[in-house]
Amino acid sequence: MTTTLTPPPVDVSRELYGARLPSWGPQAVLAAGVAGAAVSYAAGANLLQAALIAWVICMGLPLWSVAVEGRRKATDRLVTTLVSSAFVLAMFPLFSILWTVISKGSKVLSTDFFTYSMRNIVGEGGGIYHALVGTLLITGAAAVISIPIGIFAAIYLVEYAEGNRLSRWIRFLVDVMTGIPSIVAGLFAYALFVLFFGEGVRMGVGGSVALSVLMIPILVRSTEEMLKLVPNELREASYALGVPKWRTVAKVVLPTSLAGIVTGITLSIARVIGETAPLLIIVGTTDSVNFNLFDGRMASLPVFAFASQRNPGIPPEFSIDRAWGAALVLLVIVMLLNLIARLVSYFFSPKGER
Amino acid sequence: MAKSIDVSDLNIFYGDFLAVEDVTIPIAAKSVTAFIGPSGCGKSTFLRSLNRMHEVIRGARVEGKVLIDGQDLYGADMDPVNVRRMIGMVFQRPNPFPTMSIYDNVLAGQKLNSKRMKKTEADDIVERSLRSAGLWAEVKERLDRPGSGLSGGQQQRLCIARAISVEPEILLMDEPCSALDPISTSVIEDLIHELKSQYTIVIVTHNMQQAARVSDETAFFNLSGVGKPGRLIEHGRTEAIFSNPTDPATEAYIQGRFG
């Protein structure tokens, strides 16, 4: 038995040509929102209230759309508006931090600020030379410790382990370690150095060890992902030429993934260079320049900023300004590292098909 | 140069799975042998077992004997790395090294093994290999450019040049033309004809006309069902296999009456 279904008649013109908002619609609503915020701000609302008013006005776009275009397009507009709002919300703290640090930190920047330490300075003047030296030395030593360990561990995981039990354990522990609180890393380094040098030990290399504990898991993970991206065909091509495995890894796999690995290294350095807590425990801080990682306290930018804000002295303004300046310098270093990572991945990635 | 291959009672496993069963086939020196058969019948697996490349895959192993000019390929004192230096391979997808120039790609076998040689000697090898691969005229002006910037057909010829620059005795080709257009294919087929005078060539192909055009001997592989191992059904002179096959399955496959 068959039933003949008559499809409901379709109005083609209605299906294809629906009413639409004018193309300037979304921009107009956004402009209205900004205008509304400006007016309310002028009328005495605070910034938060003004932003809220702008957002409420922007949410008028889906309402307008449902009236003109129908439900499907209105849903689209609603989701677009929500997603865009989330983006703006996410950007807000970023720009707020940038603005605050730049506006408060830039006024102390001067040649003296970069070339003087805080030795025998009370009140105005002085600089972050000692902290800059400490940060670069400690982070540099951390990189020297972590990079070989991280890269070799990743090579083991990808090229040699072949998914055995040990590799699954390493991978699990690395994942756990990426979430380790930095204060724990600092306590670990302190406990380790106390074993060798006794209670109350303070030395720069201890900070490097603490930072390495934070850095190695990041490096292992990023390098591992990069090595996995190398096509297996290249390894096979190399084996087929009678090249032993270790040479294949050293001369085919690593060069092919070099850009990604170097980017990972740079980003992991950027990640740990601003760590305060572990350095506070094991390195401490000082007012003088100390080039020796193995002897005594060293200053570093984050700890310097923390200490200057914590114990500003009297009058406090100068010290607080220096804290902002140190924060700004740290921020600029991190930005430069990110920039370097970009350049490296641009210049080192295999040329050709692109 | 050019050595013969003698395979007897070869079983190839992936872990516990028997992929290819009981292959016995002699392959003469300085001849072209084509392997044909439906997908998944173990042609490539068998080919890879001829230079111990299949060992690269975890859990893969073989039972049986492969003799290269009388030497046991799977003997206890055989080093797979040396085996692969002697038996070159060209893959289905062109795979030049993306970090290397055309010049370095041709010399990859030497460079990756850190073999020291004079500049003139290296230049000689590059020119000779590229000439035999029929690529010299097209790339001689841009040897320092990346190999991945070439077209697919050129890349595949570059891979052939790379394989023959280490002067192997035997050249294995795993569907070398399946990713190429007819013109590049015919260039590579001409190349196979020329290389035959120096190398023993074994080629896997899905293209029956290609097998008929380039090979002296043809071997037909088939599998009796899903999950069953592939087998060598028959082998012989290419003319004989194509004009007068003994097995009905071969005839059906060659004439295209096959599922």
# chains A, B, ... in the order shown; residues from 1 in each chain; ligands from 1

call {"tool": "closest_atom_pairs", "arguments": {"of": "chain B", "to": "chain A", "cutoff": "7 Å", "atoms": "only C-alpha atoms", "output": "Markdown table"}}
result
| residue | atom | partner | partner_atom | distance |
| --- | --- | --- | --- | --- |
| B:Met53 | CA | A:Ala240 | CA | 6.9 |
| B:Val81 | CA | A:Gly242 | CA | 4.7 |
| B:Asn82 | CA | A:Gly242 | CA | 6.1 |
| B:Arg84 | CA | A:Gly242 | CA | 4.6 |
| B:Arg85 | CA | A:Gly242 | CA | 4.3 |
| B:Gly88 | CA | A:Ala240 | CA | 6.1 |
| B:Met89 | CA | A:Ala240 | CA | 5.8 |
| B:Asn95 | CA | A:Leu234 | CA | 6.2 |
| B:Phe97 | CA | A:Leu234 | CA | 6.5 |
| B:Pro98 | CA | A:Pro350 | CA | 5.6 |
| B:Thr99 | CA | A:Pro350 | CA | 5.1 |
| B:Gly109 | CA | A:Leu241 | CA | 5.3 |
| B:Leu112 | CA | A:Lys251 | CA | 6.4 |
| B:Asn113 | CA | A:Val243 | CA | 6.1 |
| B:Pro146 | CA | A:Gly352 | CA | 5.8 |
| B:Ser148 | CA | A:Gly352 | CA | 5.1 |
| B:Gly149 | CA | A:Gly352 | CA | 4.5 |
| B:Ala163 | CA | A:Leu241 | CA | 6.7 |

call {"tool": "select_by_dssp", "arguments": {"residues": "region 194-228 of chain B", "states": "helix (DSSP H, G or I)", "output": "PyMOL selection string"}}
result
chain B and resi 194-195+208-214

call {"tool": "residues_around", "arguments": {"residues": "region 33-44 of chain B", "least_positions_apart": "6", "cutoff": "9 Å", "atoms": "only C-alpha atoms", "output": "count of residues only"}}
result
40

call {"tool": "atom_distance", "arguments": {"atom1": "CA of Ser114 (chain B)", "atom2": "CA of Ile102 (chain B)"}}
result
17.5 Å

call {"tool": "closest_atom_pairs", "arguments": {"of": "region 182-250 of chain A", "to": "region 127-151 of chain A", "cutoff": "10 Å", "atoms": "only C-alpha atoms", "output": "Markdown table"}}
result
| residue | atom | partner | partner_atom | distance |
| --- | --- | --- | --- | --- |
| A:Met203 | CA | A:Ile138 | CA | 9.7 |
| A:Gly204 | CA | A:Ile138 | CA | 5.9 |
| A:Val205 | CA | A:Ile138 | CA | 6.5 |
| A:Gly206 | CA | A:Ile138 | CA | 8.7 |
| A:Gly207 | CA | A:Ile138 | CA | 6.4 |
| A:Ser208 | CA | A:Ala142 | CA | 4.3 |
| A:Val209 | CA | A:Ala142 | CA | 6.2 |
| A:Ala210 | CA | A:Ala142 | CA | 8.0 |
| A:Leu211 | CA | A:Ala142 | CA | 5.9 |
| A:Ser212 | CA | A:Ala142 | CA | 5.1 |
| A:Val213 | CA | A:Ser146 | CA | 8.0 |
| A:Leu214 | CA | A:Ser146 | CA | 9.2 |
| A:Met215 | CA | A:Ser146 | CA | 6.5 |
| A:Ile216 | CA | A:Gly150 | CA | 5.1 |
| A:Pro217 | CA | A:Gly150 | CA | 7.1 |
| A:Ile218 | CA | A:Gly150 | CA | 8.2 |
| A:Leu219 | CA | A:Gly150 | CA | 5.3 |
| A:Val220 | CA | A:Gly150 | CA | 4.7 |
| A:Arg221 | CA | A:Gly150 | CA | 8.4 |
| A:Ser222 | CA | A:Ile151 | CA | 9.3 |
| A:Thr223 | CA | A:Ile151 | CA | 6.3 |
| A:Glu224 | CA | A:Ile151 | CA | 8.1 |
| A:Leu227 | CA | A:Ile151 | CA | 9.9 |

call {"tool": "residues_around", "arguments": {"residues": "Asp22 (chain B)", "least_positions_apart": "4", "cutoff": "7 Å", "atoms": "only C-alpha atoms", "output": "PyMOL selection string"}}
result
chain B and resi 9-11+231

call {"tool": "select_by_dssp", "arguments": {"residues": "region 63-234 of chain B", "states": "strand (DSSP E)", "output": "PyMOL selection string"}}
result
chain B and resi 63-68+71-72+87-90+170-174+200-204+217-223+230-234

call {"tool": "write_last_selection", "arguments": {"atoms": "C-alpha atoms", "output": "compact mmCIF listing (two decimals), in the first residue's frame"}}
result
# COMPACT_ATOMS: atom_id res chain seq x y z
CA GLU B 63 59.12 -15.89 8.70
CA GLY B 64 60.80 -17.55 5.77
CA LYS B 65 63.77 -16.79 3.59
CA VAL B 66 64.75 -13.89 1.36
CA LEU B 67 68.06 -14.41 -0.42
CA ILE B 68 69.81 -11.50 -2.11
CA GLN B 71 72.81 -13.97 1.16
CA ASP B 72 70.06 -14.33 3.73
CA ILE B 87 68.18 -1.84 -1.63
CA GLY B 88 66.70 1.56 -2.37
CA MET B 89 63.04 2.46 -2.21
CA VAL B 90 60.70 4.97 -3.85
CA ILE B 170 68.00 -3.10 -6.21
CA LEU B 171 65.30 -0.45 -6.51
CA LEU B 172 61.87 -1.01 -4.97
CA MET B 173 59.03 1.23 -6.14
CA ASP B 174 55.75 1.32 -4.25
CA THR B 200 66.98 -4.85 -10.45
CA ILE B 201 63.62 -3.11 -10.21
CA VAL B 202 60.51 -4.26 -8.38
CA ILE B 203 57.42 -2.11 -8.83
CA VAL B 204 53.99 -2.25 -7.21
CA GLU B 217 57.84 -10.35 -15.13
CA THR B 218 54.49 -9.91 -13.44
CA ALA B 219 53.26 -11.35 -10.16
CA PHE B 220 49.58 -11.36 -9.24
CA PHE B 221 48.58 -11.13 -5.56
CA ASN B 222 45.10 -11.73 -4.23
CA LEU B 223 43.33 -12.34 -0.97
CA GLY B 230 47.19 -12.11 0.88
CA ARG B 231 48.80 -14.72 -1.35
CA LEU B 232 50.86 -14.82 -4.48
CA ILE B 233 48.51 -16.41 -7.03
CA GLU B 234 50.88 -16.68 -9.96

call {"tool": "residues_around", "arguments": {"residues": "region 118-126 of chain B", "least_positions_apart": "6", "cutoff": "8 Å", "atoms": "only C-alpha atoms", "output": "list in words"}}
result
Tyr103, Val106, Leu107 and Ser165 of chain B

call {"tool": "write_last_selection", "arguments": {"atoms": "C-alpha atoms", "output": "compact mmCIF listing (two decimals), in the first residue's frame"}}
result
# COMPACT_ATOMS: atom_id res chain seq x y z
CA TYR B 103 70.90 19.53 -4.42
CA VAL B 106 69.76 14.22 -4.10
CA LEU B 107 72.72 13.87 -1.77
CA SER B 165 72.42 8.45 -5.87

call {"tool": "residues_around", "arguments": {"residues": "Ser151 (chain B)", "least_positions_apart": "3", "cutoff": "10 Å", "atoms": "only C-alpha atoms", "output": "list in words"}}
result
Glu353 of chain A; Pro94, Gly147, Ser148, Gln154, Gln155, Gln156, Arg157, Leu180 and Ser184 of chain B

call {"tool": "atom_distance", "arguments": {"atom1": "CA of Leu135 (chain B)", "atom2": "CA of Met100 (chain B)"}}
result
16.9 Å
